[in-house]
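Participant: For reference, this is run20.tsv, and it has TSV, C-alpha atoms and all ligand atoms.
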```tsv
chain	number	residue	atom	x	y	z
A	1	MET	CA	-9.33	18.94	20.93
A	2	THR	CA	-7.49	15.67	20.46
A	3	SER	CA	-9.09	12.64	18.93
A	4	THR	CA	-8.65	9.00	19.77
A	5	PRO	CA	-5.76	7.32	17.94
A	6	HIS	CA	-6.57	4.54	15.54
A	7	ILE	CA	-5.39	1.06	16.40
A	8	VAL	CA	-3.37	-0.55	13.62
A	9	ARG	CA	-2.40	-4.22	13.67
A	10	LEU	CA	0.77	-4.93	11.68
A	11	ILE	CA	0.72	-8.58	10.69
A	12	TRP	CA	4.10	-10.12	9.81
A	13	ASP	CA	4.59	-13.12	7.53
A	14	ASP	CA	5.75	-15.25	10.49
A	15	GLY	CA	2.42	-14.65	12.21
A	16	HIS	CA	3.72	-12.08	14.71
A	17	ILE	CA	1.39	-9.12	15.22
A	18	ASP	CA	2.41	-5.65	16.42
A	19	THR	CA	-0.47	-3.51	17.60
A	20	ILE	CA	0.21	0.23	17.52
A	21	ASP	CA	-1.71	3.42	18.20
A	22	VAL	CA	-1.52	5.92	15.36
A	23	PRO	CA	-2.41	9.46	16.46
A	24	ASP	CA	-4.08	11.93	14.10
A	25	GLY	CA	-1.56	13.51	11.77
A	26	SER	CA	0.95	10.67	12.03
A	27	THR	CA	1.75	8.21	9.31
A	28	ILE	CA	1.59	4.53	10.10
A	29	LEU	CA	5.35	4.32	9.57
A	30	GLU	CA	6.03	7.13	12.07
A	31	ALA	CA	3.85	5.45	14.68
A	32	ALA	CA	5.45	2.05	14.04
A	33	ILE	CA	8.94	3.49	14.49
A	34	SER	CA	7.87	5.28	17.68
A	35	ALA	CA	6.47	2.01	18.99
A	36	GLY	CA	9.81	0.27	18.35
A	37	CYS	CA	8.69	-1.89	15.43
A	38	ILE	CA	11.51	-3.02	13.14
A	39	ILE	CA	10.02	-2.05	9.83
A	40	SER	CA	11.78	-1.46	6.51
A	41	PHE	CA	11.83	2.01	5.03
A	42	GLU	CA	14.16	4.25	3.09
A	43	CYS	CA	12.84	7.31	1.25
A	44	ARG	CA	9.85	8.18	3.46
A	45	TRP	CA	8.10	9.92	0.56
A	46	GLY	CA	6.49	7.11	-1.41
A	47	SER	CA	9.10	6.29	-4.01
A	48	CYS	CA	11.10	3.22	-2.90
A	49	ALA	CA	8.35	0.72	-1.88
A	50	LYS	CA	10.35	-0.58	1.09
A	51	CYS	CA	7.46	0.20	3.44
A	52	THR	CA	4.80	-1.51	1.33
A	53	GLY	CA	1.89	-2.96	3.24
A	54	HIS	CA	-1.23	-4.83	2.22
A	55	LEU	CA	-4.41	-3.49	3.78
A	56	LEU	CA	-6.56	-6.36	5.05
A	57	THR	CA	-9.23	-4.47	7.01
A	58	GLY	CA	-10.04	-0.83	7.67
A	59	ASP	CA	-9.40	2.34	5.71
A	60	VAL	CA	-6.28	4.41	5.13
A	61	ILE	CA	-5.57	7.54	3.15
A	62	HIS	CA	-2.34	8.39	1.35
A	63	THR	CA	-1.63	11.96	2.44
A	64	SER	CA	1.12	12.33	-0.18
A	65	PRO	CA	1.23	10.60	-3.56
A	66	PRO	CA	2.18	6.92	-3.27
A	67	ARG	CA	4.56	7.47	-6.20
A	68	VAL	CA	5.73	3.89	-6.63
A	69	LEU	CA	2.26	2.32	-6.55
A	70	ARG	CA	0.39	1.88	-9.82
A	71	LYS	CA	-3.36	1.74	-10.14
A	72	GLU	CA	-3.34	-2.05	-10.09
A	73	HIS	CA	-1.51	-2.00	-6.74
A	74	LEU	CA	-3.99	0.45	-5.25
A	75	ALA	CA	-6.88	-1.63	-6.59
A	76	ALA	CA	-5.38	-4.65	-4.80
A	77	ASN	CA	-5.23	-2.65	-1.51
A	78	TYR	CA	-1.48	-2.13	-1.32
A	79	VAL	CA	-0.42	0.90	0.70
A	80	LEU	CA	2.80	2.74	1.53
A	81	LEU	CA	3.12	3.10	5.28
A	82	CYS	CA	5.36	6.20	5.02
A	83	VAL	CA	2.60	8.28	3.41
A	84	ALA	CA	-0.49	6.52	4.79
A	85	GLU	CA	-2.62	7.55	7.72
A	86	PRO	CA	-5.43	5.38	9.09
A	87	LEU	CA	-9.03	6.56	8.82
A	88	SER	CA	-10.21	3.71	11.04
A	89	ASP	CA	-8.74	0.84	13.00
A	90	CYS	CA	-6.88	-1.36	10.50
A	91	SER	CA	-5.09	-4.63	9.95
A	92	ILE	CA	-2.17	-4.47	7.54
A	93	GLU	CA	0.07	-7.26	6.31
A	94	VAL	CA	3.69	-6.08	6.40
A	95	GLY	CA	7.12	-7.44	5.50
A	96	SER	CA	9.83	-7.04	2.90
A	97	HIS	CA	8.27	-9.73	0.68
A	98	LEU	CA	5.44	-7.33	-0.24
A	99	LYS	CA	7.72	-5.09	-2.31
A	100	ASP	CA	8.38	-8.08	-4.58
A	101	SER	CA	4.63	-8.69	-4.89
A	102	LEU	CA	4.23	-5.36	-6.66
A	103	SER	CA	6.15	-6.53	-9.75
A	104	ALA	CA	4.12	-9.72	-9.97
A	105	ILE	CA	0.87	-7.75	-9.78
A	106	SER	CA	2.02	-5.39	-12.54
A	107	ARG	CA	3.12	-8.31	-14.71
A	108	ASP	CA	-0.24	-10.05	-14.29
A	109	PHE	CA	-2.07	-6.79	-15.00
A	110	THR	CA	-0.04	-6.16	-18.16
A	111	GLU	CA	-0.64	-9.71	-19.38
A	112	SER	CA	-4.37	-9.34	-18.78
A	113	ILE	CA	-4.66	-6.13	-20.79
A	114	THR	CA	-2.45	-7.28	-23.65
A	115	SER	CA	-4.53	-10.43	-24.03
A	116	SER	CA	-7.80	-8.45	-24.02
A	117	THR	CA	-9.85	-7.99	-27.12
A	118	PRO	CA	-10.24	-4.49	-28.58
A	119	SER	CA	-13.66	-4.32	-26.95
A	120	SER	CA	-12.16	-4.42	-23.44
A	121	ALA	CA	-12.72	-1.71	-20.88
A	122	PHE	CA	-9.32	-0.24	-21.75
A	123	GLY	CA	-10.46	2.03	-24.52
A	124	TRP	CA	-7.07	3.68	-24.93
A	125	LEU	CA	-5.52	0.32	-25.73
A	126	SER	CA	-8.19	-0.55	-28.27
A	127	GLN	CA	-7.77	2.82	-29.88
A	128	LYS	CA	-4.03	2.32	-30.14
A	129	ARG	CA	-4.43	-1.17	-31.64
A	130	ASN	CA	-6.77	0.13	-34.33
A	131	GLN	CA	-4.30	2.70	-35.67
B	1	LIG	S1	9.88	4.47	2.72
B	1	LIG	FE1	10.07	4.57	0.56
B	1	LIG	S2	8.03	4.30	-0.17
B	1	LIG	FE2	7.86	4.34	2.00
```
Can you give me the file's structure in the form of structure tokens?
Ligand code: FES

Facilitator:
Amino acid sequence: MTSTPHIVRLIWDDGHIDTIDVPDGSTILEAAISAGCIISFECRWGSCAKCTGHLLTGDVIHTSPPRVLRKEHLAANYVLLCVAEPLSDCSIEVGSHLKDSLSAISRDFTESITSSTPSSAFGWLSQKRNQ
């Protein structure tokens, strides 16, 4: 039995939108390439960040570890198209500028935890500061 593919809208920073069908068992990157989208990628196993996307609507699952994404990136809804499959119809911001966004998010996250008081939610950091 085959299921209906999910519709994924890839939204580029110039406003262009590619709409692709992603069949079950295919990553978003595989479907985008099959549809003729010019999308950046390199490693295809979650370690280079070239295929970074920003999930705007819908749900995706990483079927292999998104190695290059840190918890702050995942919390901000960043995804790696090479290891992500849609669980619903989705809209995803795409473009090479998103890889650069990851460093800025990590920097902001680091600054926020280093400026926290020892009573912050990051117990491991408080514990380390009290040694
Ligand atoms: S192609 Fe390298 S992380 Fe996706």

Participant: Kindly give the distance, in Å, that separates CA of Ala104 (chain A) and CA of Cys48 (chain A), rounded to a single decimal.

Facilitator: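 These two atoms are separated by 16.3 Å.
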
Participant: Quick one: of A:Ile17, A:Leu74, A:Ile61, A:Ile38, who's nearest to Leu87 (chain A), counting all atoms listed in the file?

Facilitator: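 Of A:Ile17, A:Leu74, A:Ile61, A:Ile38, the one nearest Leu87 (chain A) is A:Ile61, counting all atoms listed in the file.
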
Participant: What are the closest atom pairs, with distances in Å to one decimal, for all residues of chain A lying within 8 Å of ligand LIG 1 (chain B)? Consider only C-alpha atoms and all ligand atoms, order rows by chain and residue number, and present the result as a Markdown table.

Facilitator:
```
| residue | atom | partner | partner_atom | distance |
| --- | --- | --- | --- | --- |
| A:Leu29 | CA | B:LIG1 | FE2 | 8.0 |
| A:Ser40 | CA | B:LIG1 | S1 | 7.3 |
| A:Phe41 | CA | B:LIG1 | S1 | 3.9 |
| A:Glu42 | CA | B:LIG1 | S1 | 4.3 |
| A:Cys43 | CA | B:LIG1 | FE1 | 4.0 |
| A:Arg44 | CA | B:LIG1 | S1 | 3.8 |
| A:Trp45 | CA | B:LIG1 | S2 | 5.7 |
| A:Gly46 | CA | B:LIG1 | S2 | 3.4 |
| A:Ser47 | CA | B:LIG1 | S2 | 4.5 |
| A:Cys48 | CA | B:LIG1 | FE1 | 3.9 |
| A:Ala49 | CA | B:LIG1 | S2 | 4.0 |
| A:Lys50 | CA | B:LIG1 | FE1 | 5.2 |
| A:Cys51 | CA | B:LIG1 | FE2 | 4.4 |
| A:Thr52 | CA | B:LIG1 | FE2 | 6.6 |
| A:Pro66 | CA | B:LIG1 | S2 | 7.1 |
| A:Arg67 | CA | B:LIG1 | S2 | 7.6 |
| A:Val68 | CA | B:LIG1 | S2 | 6.9 |
| A:Leu80 | CA | B:LIG1 | FE2 | 5.3 |
| A:Leu81 | CA | B:LIG1 | FE2 | 5.9 |
| A:Cys82 | CA | B:LIG1 | FE2 | 4.3 |
| A:Val83 | CA | B:LIG1 | FE2 | 6.7 |
```

Participant: Record the distance separating CA of Thr114 (chain A) and CA of Leu55 (chain A), expressed in Å with one decimal.

Facilitator: 27.8 Å

Participant: So the first atom is CA of Ile39 (chain A) and the second is CA of Glu93 (chain A); what is the distance between them in Å, to one decimal place?

Facilitator: 11.8 Å

Participant: Identify, on the basis of only C-alpha atoms, every residue whose closest approach to Arg9 (chain A) does not exceed 7 Å; exclude the query and any residue fewer than 2 positions from it along the same chain; express the result as JSON, numbers by chain.

Facilitator: {"A": [7, 11, 17, 18, 19, 20, 90, 91, 92]}

Participant: When distances are computed from only C-alpha atoms, which of A:Ala31, A:Thr110, A:Asp59, A:Ser26 shows the smallest separation from Lys71 (chain A)?

Facilitator: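 Residue with the minimum atom-to-atom distance to Lys71 (chain A): A:Thr110.
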
Participant: Which one is closest to Asp21 (chain A): A:Ile105, A:Cys37, A:Leu98, A:Val8? Count only C-alpha atoms.

Facilitator: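 That would be A:Val8, the residue with the smallest distance to Asp21 (chain A).
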
Participant: Which residue, A:Pro5, A:Gly53, A:Gly36, A:Pro23, has the smallest gap to Gly95 (chain A) when you use all atoms listed in the file?

Facilitator: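 That would be A:Gly53, the residue with the smallest distance to Gly95 (chain A).
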